[in-house]
Amino acid sequence: MKNRLNKVLGIALLVGLSSPISLFAQEKTFKVTVEEPENGSIKITPAIPEDGLVKEGTVLKIKTTPDVGFSSDGGYFYNPGEGMWTQYHETMKPEFEVVVDREKVLGASFIESDELEGFKVTNNVVYAKPGVKELKYDVFSPEGAKNLPGIVIIHGGGWSSNTEDIMRGMARELVKSKQYVVFSIDYRWIGQLDGDKEPNTMGDLIEDVYGAIAHIQEHAKKYGCDPTRIAVTGDSAGGHLSASAANMVDMIGDGGFGEKDGVYEYKPTYMPEGKTVAQVRKEIKDAIKVAAPSYGVFEGSFIKRFSKDITDGEIAAISPIESIPNIEERAVPQYLIRGTTDFLIKDEDVQRYADALEADGQTVKYVQVEGVGHAFFDWKPDATTKETFAKYGKPYIEDMKQFFDAVFYPGK
C-alpha cells in the first residue's frame with residue numbers, strides 16, 4: 001500500500017501539480033438556497049443539505065404544491081449576480097428540474113385561484129427558430145371567446161433579458177374583461193446573448209415581432225381572436241418594439257436590413273406558407289389599430305448606448321419617432337405612460353414622441369404616474385414586484401384597456 005501511495009505522489013510531482021494533495025481534492029459544490037414560498041409549499045429531491053452545498057451536476061427535482069384556494073403561478077430559479085436585475089428563470093409547470101452548475105436560488109410563486117378564472121392559458125406556442133432559441137408566445141383566451149380583438153404584449157429587459165413570462169400579470173389583467181384575447185410574445189436577445197454565433201441585430205428583433213404577429217394572425221381564430229383587429233403594447237425595450245411594430249409597417253419587405261446602402265426593410269421571422277411579404281405587410285398594417293408603448297424608447301440614438309453594433313445609418317431605421325404615419329394615411333392612437341421617478345426614461349423623451357405623434361395628427365394620451373419608477377407593469381415572483389404591480393400596474397393597465405376600448409368598442 002505504501003509503495004502504491006508513493007507512486008501516486010511521484011506522478012503528481014512529475015505532472016507539475018502545486019501539491020500532490022490536490023489529487024484527493026473534494027468534488028466541486030455550489031451553494032443552493034431555497035426561498036420558502038407563501039401560500040404553498042416546495043419539495044426538492046434530493047433534499048438540500050443543511051449547509052446548502054450541493055455537488056456540481058446534481059439534478060434537483062422540484063415539485064410545487066399550492067395551499068387550498070391558491071394555484072401555481074410558476075416555479076423558478078435564479079443565479080445570484082447574473083445581470084443588473086435579478087433574472088428569473090421560470091416555468092409554469094408544477095414539477096420541474098434544475099441542474100446545479102453554479103450558485104442557485106430556488107423558489108415558487110402562488111396566486112389566488114380566482115385570479116385565474118374565466119380564461120385559458122396556452123403556454124409556449126413556438127412561432128419560429130431562427131437561431132439557438134425557440135421563439136414563442138403565450139395565449140390568454142377568455143372562455144367562449146369568439147371574434148374578439150387581440151392584444152399583443154412585448155416584454156422589456158434592455159433587449160437583452162427576460163421572456164414573455166414577465167408580462168403574465170398584465171396579460172391576466174387585460175383578459176379578465178373577456179373583451180380581448182391576449183398574446184404575450186418573446187423574441188431574440190441582442191448580440192450573442194442567446195448563444196448564436198452571429199450577433200442578433202435590432203433589425204432581427206423587430207423582424208421577430210412582425211413574425212410573431214404574422215403567426216398570431218394565421219392562428220388567431222383558433223383562440224377566438226379576430227386577426228384583423230390588433231392592439232400592440234410593451235414596456236421599456238418592449239415599448240420601443242411595440243412602437244416600432246405600430247409605426248414601421250411600411251418597412252416590411254424582403255430587401256434586407258442595411259445590406260444595401262439606404263435600404264432598411266424588415267422581413268418577418270415567420271412567414272405564413274403561400275403568402276408574399278407584400279400580403280403580410282398589408283395584413284399587419286390593416287390589423288394594428290392602436291398602440292400603448294409604455295415607458296419606452298423612441299429614438300435610435302438612445303438604443304445605440306445598449307448596442308454598439310448599430311451604425312449611424314441604422315439609427316433612423318430603428319427609431320419609431322422617424323416613422324410615425326400621417327393621420328391621412330393611417331390612424332394609430334397611442335397611449336403613453338411613465339413613472340415620475342423613472343431613472344431610465346426621461347419625461348422629455350416621452351414628451352418629444354407625444355409631440356411628434358400630435359404633429360402628424362395622431363391621437364395620443366400621455367400619463368405620468370406619480371411616485372413610481374421603471375417597470376411597474378412587470379410581474380416577478382418576489383414580493384416587492386408583486387406589491388408594485390398591485391399598487392400601480394393594475395389601475396393603469398385598466399386605464400390602458402379603456403383606451404383600447406375606445407377604439408374597439410366605441411360607444412360602450
# chains A, B, ... in the order shown; residues from 1 in each chain; ligands from 1
>>> residues_around(residues="Tyr264 (chain A)", least_positions_apart="5", cutoff="8 Å", atoms="only C-alpha atoms", output="NGL selection string")
:A and (251 or 255-259 or 314 or 317)
>>> write_last_selection(atoms="all heavy atoms", output="PDB file, in the first residue's frame")
ATOM      1  N   MET A 251     -42.178  49.444 -43.677  1.00  0.00           N
ATOM      2  CA  MET A 251     -40.803  48.992 -43.888  1.00  0.00           C
ATOM      3  C   MET A 251     -40.709  47.468 -43.965  1.00  0.00           C
ATOM      4  O   MET A 251     -39.618  46.927 -44.122  1.00  0.00           O
ATOM      5  CB  MET A 251     -39.900  49.525 -42.770  1.00  0.00           C
ATOM      6  CG  MET A 251     -39.781  51.041 -42.783  1.00  0.00           C
ATOM      7  SD  MET A 251     -38.952  51.698 -41.306  1.00  0.00           S
ATOM      8  CE  MET A 251     -37.300  51.049 -41.524  1.00  0.00           C
ATOM      9  N   GLY A 255     -36.021  43.314 -48.862  1.00  0.00           N
ATOM     10  CA  GLY A 255     -34.821  43.932 -49.420  1.00  0.00           C
ATOM     11  C   GLY A 255     -33.614  43.887 -48.517  1.00  0.00           C
ATOM     12  O   GLY A 255     -32.540  44.356 -48.884  1.00  0.00           O
ATOM     13  N   GLY A 256     -33.784  43.329 -47.296  1.00  0.00           N
ATOM     14  CA  GLY A 256     -32.675  43.243 -46.360  1.00  0.00           C
ATOM     15  C   GLY A 256     -32.565  44.485 -45.488  1.00  0.00           C
ATOM     16  O   GLY A 256     -33.062  45.560 -45.834  1.00  0.00           O
ATOM     17  N   PHE A 257     -31.921  44.335 -44.340  1.00  0.00           N
ATOM     18  CA  PHE A 257     -31.759  45.450 -43.410  1.00  0.00           C
ATOM     19  C   PHE A 257     -30.316  45.923 -43.447  1.00  0.00           C
ATOM     20  O   PHE A 257     -29.420  45.312 -42.858  1.00  0.00           O
ATOM     21  CB  PHE A 257     -32.142  45.016 -41.987  1.00  0.00           C
ATOM     22  CG  PHE A 257     -32.135  46.153 -41.000  1.00  0.00           C
ATOM     23  CD1 PHE A 257     -33.216  47.011 -40.914  1.00  0.00           C
ATOM     24  CD2 PHE A 257     -31.048  46.366 -40.164  1.00  0.00           C
ATOM     25  CE1 PHE A 257     -33.207  48.056 -40.011  1.00  0.00           C
ATOM     26  CE2 PHE A 257     -31.029  47.409 -39.262  1.00  0.00           C
ATOM     27  CZ  PHE A 257     -32.116  48.259 -39.189  1.00  0.00           C
ATOM     28  N   GLY A 258     -30.084  46.998 -44.194  1.00  0.00           N
ATOM     29  CA  GLY A 258     -28.753  47.571 -44.272  1.00  0.00           C
ATOM     30  C   GLY A 258     -27.775  46.809 -45.150  1.00  0.00           C
ATOM     31  O   GLY A 258     -26.577  47.133 -45.177  1.00  0.00           O
ATOM     32  N   GLU A 259     -28.261  45.808 -45.875  1.00  0.00           N
ATOM     33  CA  GLU A 259     -27.374  45.059 -46.761  1.00  0.00           C
ATOM     34  C   GLU A 259     -27.007  45.884 -47.995  1.00  0.00           C
ATOM     35  O   GLU A 259     -25.948  45.691 -48.590  1.00  0.00           O
ATOM     36  CB  GLU A 259     -28.044  43.750 -47.171  1.00  0.00           C
ATOM     37  CG  GLU A 259     -28.286  42.820 -45.985  1.00  0.00           C
ATOM     38  CD  GLU A 259     -29.159  41.632 -46.348  1.00  0.00           C
ATOM     39  OE1 GLU A 259     -29.362  41.387 -47.556  1.00  0.00           O
ATOM     40  OE2 GLU A 259     -29.630  40.941 -45.420  1.00  0.00           O
ATOM     41  N   GLU A 314     -28.230  53.170 -39.452  1.00  0.00           N
ATOM     42  CA  GLU A 314     -29.370  52.383 -38.971  1.00  0.00           C
ATOM     43  C   GLU A 314     -30.220  53.114 -37.947  1.00  0.00           C
ATOM     44  O   GLU A 314     -31.349  52.693 -37.665  1.00  0.00           O
ATOM     45  CB  GLU A 314     -28.865  51.072 -38.351  1.00  0.00           C
ATOM     46  CG  GLU A 314     -28.230  50.116 -39.333  1.00  0.00           C
ATOM     47  CD  GLU A 314     -27.583  48.928 -38.661  1.00  0.00           C
ATOM     48  OE1 GLU A 314     -27.497  48.907 -37.408  1.00  0.00           O
ATOM     49  OE2 GLU A 314     -27.157  48.015 -39.377  1.00  0.00           O
ATOM     50  N   ALA A 317     -33.648  54.067 -38.949  1.00  0.00           N
ATOM     51  CA  ALA A 317     -34.443  52.897 -39.336  1.00  0.00           C
ATOM     52  C   ALA A 317     -35.005  52.150 -38.136  1.00  0.00           C
ATOM     53  O   ALA A 317     -35.975  51.403 -38.277  1.00  0.00           O
ATOM     54  CB  ALA A 317     -33.609  51.961 -40.189  1.00  0.00           C
TER      55      ALA A 317
END
>>> residues_around(residues="Ala128 (chain A)", least_positions_apart="6", cutoff="10 Å", atoms="only C-alpha atoms", output="PyMOL selection string")
chain A and resi 134-136+187+208+211-212+215+268-271
>>> select_by_dssp(residues="region 147-237 of chain A", states="strand (DSSP E)", output="PyMOL selection string")
chain A and resi 148-154+181-185+225-235
>>> write_last_selection(atoms="N, CA and C atoms", output="PDB file, in the first residue's frame")
ATOM      1  N   LEU A 148     -62.906  38.090 -31.028  1.00  0.00           N
ATOM      2  CA  LEU A 148     -62.522  39.216 -30.176  1.00  0.00           C
ATOM      3  C   LEU A 148     -61.260  39.890 -30.704  1.00  0.00           C
ATOM      4  N   PRO A 149     -61.092  41.187 -30.455  1.00  0.00           N
ATOM      5  CA  PRO A 149     -59.818  41.840 -30.799  1.00  0.00           C
ATOM      6  C   PRO A 149     -58.672  41.190 -30.023  1.00  0.00           C
ATOM      7  N   GLY A 150     -57.461  41.296 -30.554  1.00  0.00           N
ATOM      8  CA  GLY A 150     -56.292  40.745 -29.882  1.00  0.00           C
ATOM      9  C   GLY A 150     -55.366  41.840 -29.381  1.00  0.00           C
ATOM     10  N   ILE A 151     -54.702  41.569 -28.275  1.00  0.00           N
ATOM     11  CA  ILE A 151     -53.674  42.464 -27.746  1.00  0.00           C
ATOM     12  C   ILE A 151     -52.358  41.697 -27.727  1.00  0.00           C
ATOM     13  N   VAL A 152     -51.342  42.244 -28.369  1.00  0.00           N
ATOM     14  CA  VAL A 152     -50.006  41.636 -28.388  1.00  0.00           C
ATOM     15  C   VAL A 152     -49.117  42.398 -27.413  1.00  0.00           C
ATOM     16  N   ILE A 153     -48.555  41.681 -26.435  1.00  0.00           N
ATOM     17  CA  ILE A 153     -47.665  42.283 -25.440  1.00  0.00           C
ATOM     18  C   ILE A 153     -46.225  41.882 -25.752  1.00  0.00           C
ATOM     19  N   ILE A 154     -45.314  42.863 -25.686  1.00  0.00           N
ATOM     20  CA  ILE A 154     -43.899  42.620 -25.963  1.00  0.00           C
ATOM     21  C   ILE A 154     -43.093  43.013 -24.716  1.00  0.00           C
ATOM     22  N   VAL A 181     -58.494  38.753 -26.584  1.00  0.00           N
ATOM     23  CA  VAL A 181     -57.566  37.633 -26.498  1.00  0.00           C
ATOM     24  C   VAL A 181     -56.163  38.253 -26.436  1.00  0.00           C
ATOM     25  N   VAL A 182     -55.355  37.795 -25.490  1.00  0.00           N
ATOM     26  CA  VAL A 182     -54.055  38.426 -25.251  1.00  0.00           C
ATOM     27  C   VAL A 182     -52.930  37.459 -25.610  1.00  0.00           C
ATOM     28  N   PHE A 183     -51.935  37.980 -26.324  1.00  0.00           N
ATOM     29  CA  PHE A 183     -50.774  37.204 -26.746  1.00  0.00           C
ATOM     30  C   PHE A 183     -49.517  37.875 -26.186  1.00  0.00           C
ATOM     31  N   SER A 184     -48.761  37.155 -25.391  1.00  0.00           N
ATOM     32  CA  SER A 184     -47.523  37.690 -24.817  1.00  0.00           C
ATOM     33  C   SER A 184     -46.349  37.013 -25.513  1.00  0.00           C
ATOM     34  N   ILE A 185     -45.521  37.793 -26.220  1.00  0.00           N
ATOM     35  CA  ILE A 185     -44.521  37.209 -27.119  1.00  0.00           C
ATOM     36  C   ILE A 185     -43.088  37.369 -26.613  1.00  0.00           C
ATOM     37  N   CYS A 225     -59.866  34.823 -31.636  1.00  0.00           N
ATOM     38  CA  CYS A 225     -59.415  36.188 -31.920  1.00  0.00           C
ATOM     39  C   CYS A 225     -59.663  36.552 -33.371  1.00  0.00           C
ATOM     40  N   ASP A 226     -60.040  37.801 -33.586  1.00  0.00           N
ATOM     41  CA  ASP A 226     -60.197  38.369 -34.926  1.00  0.00           C
ATOM     42  C   ASP A 226     -58.831  38.856 -35.394  1.00  0.00           C
ATOM     43  N   PRO A 227     -58.239  38.243 -36.422  1.00  0.00           N
ATOM     44  CA  PRO A 227     -56.878  38.622 -36.842  1.00  0.00           C
ATOM     45  C   PRO A 227     -56.783  39.992 -37.488  1.00  0.00           C
ATOM     46  N   THR A 228     -57.917  40.628 -37.763  1.00  0.00           N
ATOM     47  CA  THR A 228     -57.894  41.937 -38.410  1.00  0.00           C
ATOM     48  C   THR A 228     -57.990  43.095 -37.414  1.00  0.00           C
ATOM     49  N   ARG A 229     -58.038  42.774 -36.119  1.00  0.00           N
ATOM     50  CA  ARG A 229     -58.150  43.835 -35.096  1.00  0.00           C
ATOM     51  C   ARG A 229     -57.150  43.542 -33.981  1.00  0.00           C
ATOM     52  N   ILE A 230     -56.062  44.294 -33.998  1.00  0.00           N
ATOM     53  CA  ILE A 230     -54.970  44.032 -33.059  1.00  0.00           C
ATOM     54  C   ILE A 230     -54.477  45.326 -32.418  1.00  0.00           C
ATOM     55  N   ALA A 231     -54.200  45.243 -31.114  1.00  0.00           N
ATOM     56  CA  ALA A 231     -53.500  46.295 -30.371  1.00  0.00           C
ATOM     57  C   ALA A 231     -52.117  45.774 -30.024  1.00  0.00           C
ATOM     58  N   VAL A 232     -51.122  46.649 -29.976  1.00  0.00           N
ATOM     59  CA  VAL A 232     -49.780  46.257 -29.553  1.00  0.00           C
ATOM     60  C   VAL A 232     -49.368  47.097 -28.353  1.00  0.00           C
ATOM     61  N   THR A 233     -48.734  46.443 -27.404  1.00  0.00           N
ATOM     62  CA  THR A 233     -48.219  47.150 -26.235  1.00  0.00           C
ATOM     63  C   THR A 233     -46.947  46.453 -25.769  1.00  0.00           C
ATOM     64  N   GLY A 234     -46.198  47.134 -24.940  1.00  0.00           N
ATOM     65  CA  GLY A 234     -44.968  46.579 -24.400  1.00  0.00           C
ATOM     66  C   GLY A 234     -44.330  47.603 -23.495  1.00  0.00           C
ATOM     67  N   ASP A 235     -43.419  47.153 -22.635  1.00  0.00           N
ATOM     68  CA  ASP A 235     -42.817  48.115 -21.709  1.00  0.00           C
ATOM     69  C   ASP A 235     -41.301  48.149 -21.852  1.00  0.00           C
TER      70      ASP A 235
END
>>> residues_around(residues="Phe77 (chain A)", least_positions_apart="4", cutoff="9 Å", atoms="only C-alpha atoms", output="VMD selection string")
chain A and resid 87 to 90 98 104 to 108
>>> write_last_selection(atoms="all heavy atoms", output="short mmCIF file (atom, residue, chain, number, x, y, z; two decimals), in the first residue's frame")
data_model
loop_
_atom_site.label_atom_id
_atom_site.label_comp_id
_atom_site.auth_asym_id
_atom_site.auth_seq_id
_atom_site.Cartn_x
_atom_site.Cartn_y
_atom_site.Cartn_z
N GLN A 87 -32.54 37.98 -12.74
CA GLN A 87 -33.07 37.32 -13.92
C GLN A 87 -33.71 36.00 -13.50
O GLN A 87 -33.03 35.01 -13.25
CB GLN A 87 -31.97 37.08 -14.94
CG GLN A 87 -32.37 36.23 -16.13
CD GLN A 87 -33.33 36.95 -17.07
OE1 GLN A 87 -33.11 38.10 -17.41
NE2 GLN A 87 -34.37 36.26 -17.47
N TYR A 88 -35.04 35.99 -13.40
CA TYR A 88 -35.75 34.77 -13.01
C TYR A 88 -35.89 33.84 -14.21
O TYR A 88 -36.29 34.27 -15.29
CB TYR A 88 -37.14 35.11 -12.46
CG TYR A 88 -37.11 35.76 -11.09
CD1 TYR A 88 -37.05 37.14 -10.95
CD2 TYR A 88 -37.13 34.99 -9.94
CE1 TYR A 88 -37.02 37.74 -9.70
CE2 TYR A 88 -37.10 35.58 -8.67
CZ TYR A 88 -37.05 36.95 -8.57
OH TYR A 88 -37.01 37.54 -7.33
N HIS A 89 -35.58 32.57 -14.00
CA HIS A 89 -35.80 31.54 -15.00
C HIS A 89 -37.02 30.75 -14.51
O HIS A 89 -36.94 30.03 -13.50
CB HIS A 89 -34.57 30.64 -15.13
CG HIS A 89 -33.32 31.39 -15.49
ND1 HIS A 89 -32.88 31.54 -16.79
CD2 HIS A 89 -32.43 32.06 -14.71
CE1 HIS A 89 -31.76 32.25 -16.79
NE2 HIS A 89 -31.47 32.58 -15.55
N GLU A 90 -38.13 30.90 -15.22
CA GLU A 90 -39.40 30.40 -14.70
C GLU A 90 -39.98 29.29 -15.56
O GLU A 90 -39.68 29.16 -16.74
CB GLU A 90 -40.42 31.54 -14.61
CG GLU A 90 -39.98 32.66 -13.67
CD GLU A 90 -41.08 33.67 -13.44
OE1 GLU A 90 -42.02 33.37 -12.68
OE2 GLU A 90 -41.02 34.74 -14.05
N VAL A 98 -33.82 21.34 -12.10
CA VAL A 98 -32.75 22.33 -12.18
C VAL A 98 -31.42 21.61 -12.01
O VAL A 98 -31.25 20.81 -11.09
CB VAL A 98 -32.90 23.41 -11.09
CG1 VAL A 98 -31.69 24.34 -11.07
CG2 VAL A 98 -34.17 24.22 -11.31
N LYS A 104 -27.22 28.76 -6.91
CA LYS A 104 -28.62 28.86 -7.32
C LYS A 104 -29.50 29.29 -6.15
O LYS A 104 -29.22 28.98 -4.99
CB LYS A 104 -29.15 27.50 -7.81
CG LYS A 104 -28.40 26.89 -8.98
CD LYS A 104 -28.82 27.50 -10.29
CE LYS A 104 -28.13 26.80 -11.46
NZ LYS A 104 -28.43 27.45 -12.75
N VAL A 105 -30.59 29.98 -6.53
CA VAL A 105 -31.68 30.25 -5.59
C VAL A 105 -32.95 29.70 -6.22
O VAL A 105 -33.25 29.99 -7.38
CB VAL A 105 -31.83 31.76 -5.30
CG1 VAL A 105 -33.00 31.99 -4.34
CG2 VAL A 105 -30.54 32.33 -4.72
N LEU A 106 -33.70 28.89 -5.48
CA LEU A 106 -34.89 28.23 -5.98
C LEU A 106 -36.13 28.71 -5.25
O LEU A 106 -36.05 29.11 -4.07
CB LEU A 106 -34.79 26.71 -5.81
CG LEU A 106 -33.50 26.02 -6.24
CD1 LEU A 106 -33.56 24.54 -5.85
CD2 LEU A 106 -33.30 26.16 -7.72
N GLY A 107 -37.27 28.65 -5.91
CA GLY A 107 -38.50 29.02 -5.24
C GLY A 107 -39.72 28.78 -6.08
O GLY A 107 -39.65 28.22 -7.18
N ALA A 108 -40.86 29.19 -5.56
CA ALA A 108 -42.14 29.04 -6.27
C ALA A 108 -43.05 30.18 -5.88
O ALA A 108 -42.96 30.75 -4.78
CB ALA A 108 -42.79 27.70 -5.93
#
>>> closest_atom_pairs(of="region 310-347 of chain A", to="region 241-246 of chain A", cutoff="12 Å", atoms="only C-alpha atoms", output="Markdown table")
| residue | atom | partner | partner_atom | distance |
| --- | --- | --- | --- | --- |
| A:Ala316 | CA | A:Ser244 | CA | 11.4 |
| A:Ala317 | CA | A:Ser244 | CA | 9.6 |
| A:Ile318 | CA | A:Ser244 | CA | 7.3 |
| A:Ser319 | CA | A:Ser244 | CA | 7.3 |
| A:Pro320 | CA | A:Ser244 | CA | 5.0 |
| A:Ile321 | CA | A:Ala243 | CA | 8.5 |
| A:Glu322 | CA | A:Ser244 | CA | 9.8 |
| A:Ser323 | CA | A:Ser244 | CA | 8.2 |
| A:Ile324 | CA | A:Ala246 | CA | 8.5 |
| A:Pro325 | CA | A:Ala246 | CA | 9.0 |
| A:Arg330 | CA | A:Ala246 | CA | 10.4 |
| A:Ala331 | CA | A:Ala246 | CA | 10.1 |
| A:Val332 | CA | A:Ala246 | CA | 7.3 |
| A:Pro333 | CA | A:Ala246 | CA | 9.7 |
| A:Gln334 | CA | A:Ala243 | CA | 8.7 |
| A:Tyr335 | CA | A:Ala243 | CA | 10.3 |
| A:Leu336 | CA | A:Ala243 | CA | 10.1 |
>>> write_last_selection(atoms="C-alpha atoms", output="mmCIF file, in the first residue's frame")
data_model
loop_
_atom_site.group_PDB
_atom_site.id
_atom_site.type_symbol
_atom_site.label_atom_id
_atom_site.label_comp_id
_atom_site.auth_asym_id
_atom_site.auth_seq_id
_atom_site.Cartn_x
_atom_site.Cartn_y
_atom_site.Cartn_z
ATOM 1 C CA ALA A 316 -33.325 56.354 -38.144
ATOM 2 C CA ALA A 317 -34.443 52.897 -39.336
ATOM 3 C CA ILE A 318 -34.917 51.665 -35.749
ATOM 4 C CA SER A 319 -36.450 54.911 -34.455
ATOM 5 C CA PRO A 320 -40.266 54.821 -34.126
ATOM 6 C CA ILE A 321 -40.288 58.617 -33.931
ATOM 7 C CA GLU A 322 -38.966 58.728 -37.510
ATOM 8 C CA SER A 323 -41.761 56.558 -38.943
ATOM 9 C CA ILE A 324 -44.979 57.947 -37.457
ATOM 10 C CA PRO A 325 -47.783 57.502 -40.000
ATOM 11 C CA ARG A 330 -53.400 55.608 -41.197
ATOM 12 C CA ALA A 331 -54.725 56.267 -37.716
ATOM 13 C CA VAL A 332 -52.897 54.583 -34.826
ATOM 14 C CA PRO A 333 -53.924 56.146 -31.486
ATOM 15 C CA GLN A 334 -51.194 55.704 -28.867
ATOM 16 C CA TYR A 335 -51.291 55.509 -25.095
ATOM 17 C CA LEU A 336 -48.018 56.547 -23.422
#
>>> residues_around(residues="region 33-42 of chain A", least_positions_apart="5", cutoff="10 Å", atoms="only C-alpha atoms", output="PyMOL selection string")
chain A and resi 48+51-53+62-72+75+77+94-95+103-112+381-383
>>> write_last_selection(atoms="C-alpha atoms", output="PDB file, in the first residue's frame")
ATOM      1  CA  ILE A  48     -30.714  20.218   0.132  1.00  0.00           C
ATOM      2  CA  ASP A  51     -25.105  23.776   4.739  1.00  0.00           C
ATOM      3  CA  GLY A  52     -26.743  24.251   1.303  1.00  0.00           C
ATOM      4  CA  LEU A  53     -23.758  22.812  -0.573  1.00  0.00           C
ATOM      5  CA  ILE A  62     -38.737  20.223  -7.717  1.00  0.00           C
ATOM      6  CA  LYS A  63     -42.442  19.859  -7.005  1.00  0.00           C
ATOM      7  CA  THR A  64     -44.652  22.812  -6.037  1.00  0.00           C
ATOM      8  CA  THR A  65     -47.995  22.434  -4.264  1.00  0.00           C
ATOM      9  CA  PRO A  66     -50.427  25.332  -3.661  1.00  0.00           C
ATOM     10  CA  ASP A  67     -52.466  25.735  -0.495  1.00  0.00           C
ATOM     11  CA  VAL A  68     -56.254  25.447  -0.653  1.00  0.00           C
ATOM     12  CA  GLY A  69     -57.703  28.405  -2.567  1.00  0.00           C
ATOM     13  CA  PHE A  70     -54.438  29.073  -4.410  1.00  0.00           C
ATOM     14  CA  SER A  71     -52.925  27.960  -7.709  1.00  0.00           C
ATOM     15  CA  SER A  72     -49.400  27.708  -9.059  1.00  0.00           C
ATOM     16  CA  GLY A  75     -41.626  27.759 -10.242  1.00  0.00           C
ATOM     17  CA  PHE A  77     -34.589  29.666 -10.065  1.00  0.00           C
ATOM     18  CA  PRO A  94     -45.778  22.414 -11.083  1.00  0.00           C
ATOM     19  CA  GLU A  95     -42.864  19.971 -11.464  1.00  0.00           C
ATOM     20  CA  GLU A 103     -24.807  29.045  -7.144  1.00  0.00           C
ATOM     21  CA  LYS A 104     -28.616  28.861  -7.317  1.00  0.00           C
ATOM     22  CA  VAL A 105     -31.680  30.251  -5.591  1.00  0.00           C
ATOM     23  CA  LEU A 106     -34.894  28.226  -5.985  1.00  0.00           C
ATOM     24  CA  GLY A 107     -38.497  29.025  -5.236  1.00  0.00           C
ATOM     25  CA  ALA A 108     -42.138  29.041  -6.269  1.00  0.00           C
ATOM     26  CA  SER A 109     -44.902  31.604  -6.573  1.00  0.00           C
ATOM     27  CA  PHE A 110     -48.604  31.046  -5.897  1.00  0.00           C
ATOM     28  CA  ILE A 111     -51.661  33.116  -6.707  1.00  0.00           C
ATOM     29  CA  GLU A 112     -55.259  33.153  -5.535  1.00  0.00           C
ATOM     30  CA  PRO A 381     -42.114  36.118  -8.085  1.00  0.00           C
ATOM     31  CA  ASP A 382     -40.660  38.486  -5.461  1.00  0.00           C
ATOM     32  CA  ALA A 383     -42.944  40.326  -3.047  1.00  0.00           C
TER      33      ALA A 383
END
>>> residues_around(residues="Lys394 (chain A)", least_positions_apart="2", cutoff="10 Å", atoms="only C-alpha atoms", output="PyMOL selection string")
chain A and resi 169-170+173-174+376-377+388-392+396-400
>>> closest_atom_pairs(of="region 149-236 of chain A", to="region 341-351 of chain A", cutoff="12 Å", atoms="only C-alpha atoms", output="tab-separated table")
residue	atom	partner	partner_atom	distance
A:Gly157	CA	A:Leu344	CA	12.0
A:Gly158	CA	A:Leu344	CA	10.6
A:Asp235	CA	A:Ile345	CA	11.0
A:Ser236	CA	A:Ile345	CA	8.2
>>> atom_distance(atom1="CA of Gly238 (chain A)", atom2="CA of Glu299 (chain A)")
13.5 Å
>>> residues_around(residues="Asn326 (chain A)", least_positions_apart="2", cutoff="9 Å", atoms="only C-alpha atoms", output="JSON, numbers by chain")
{"A": [324, 328, 329, 330, 331, 357, 359, 360, 361, 362]}
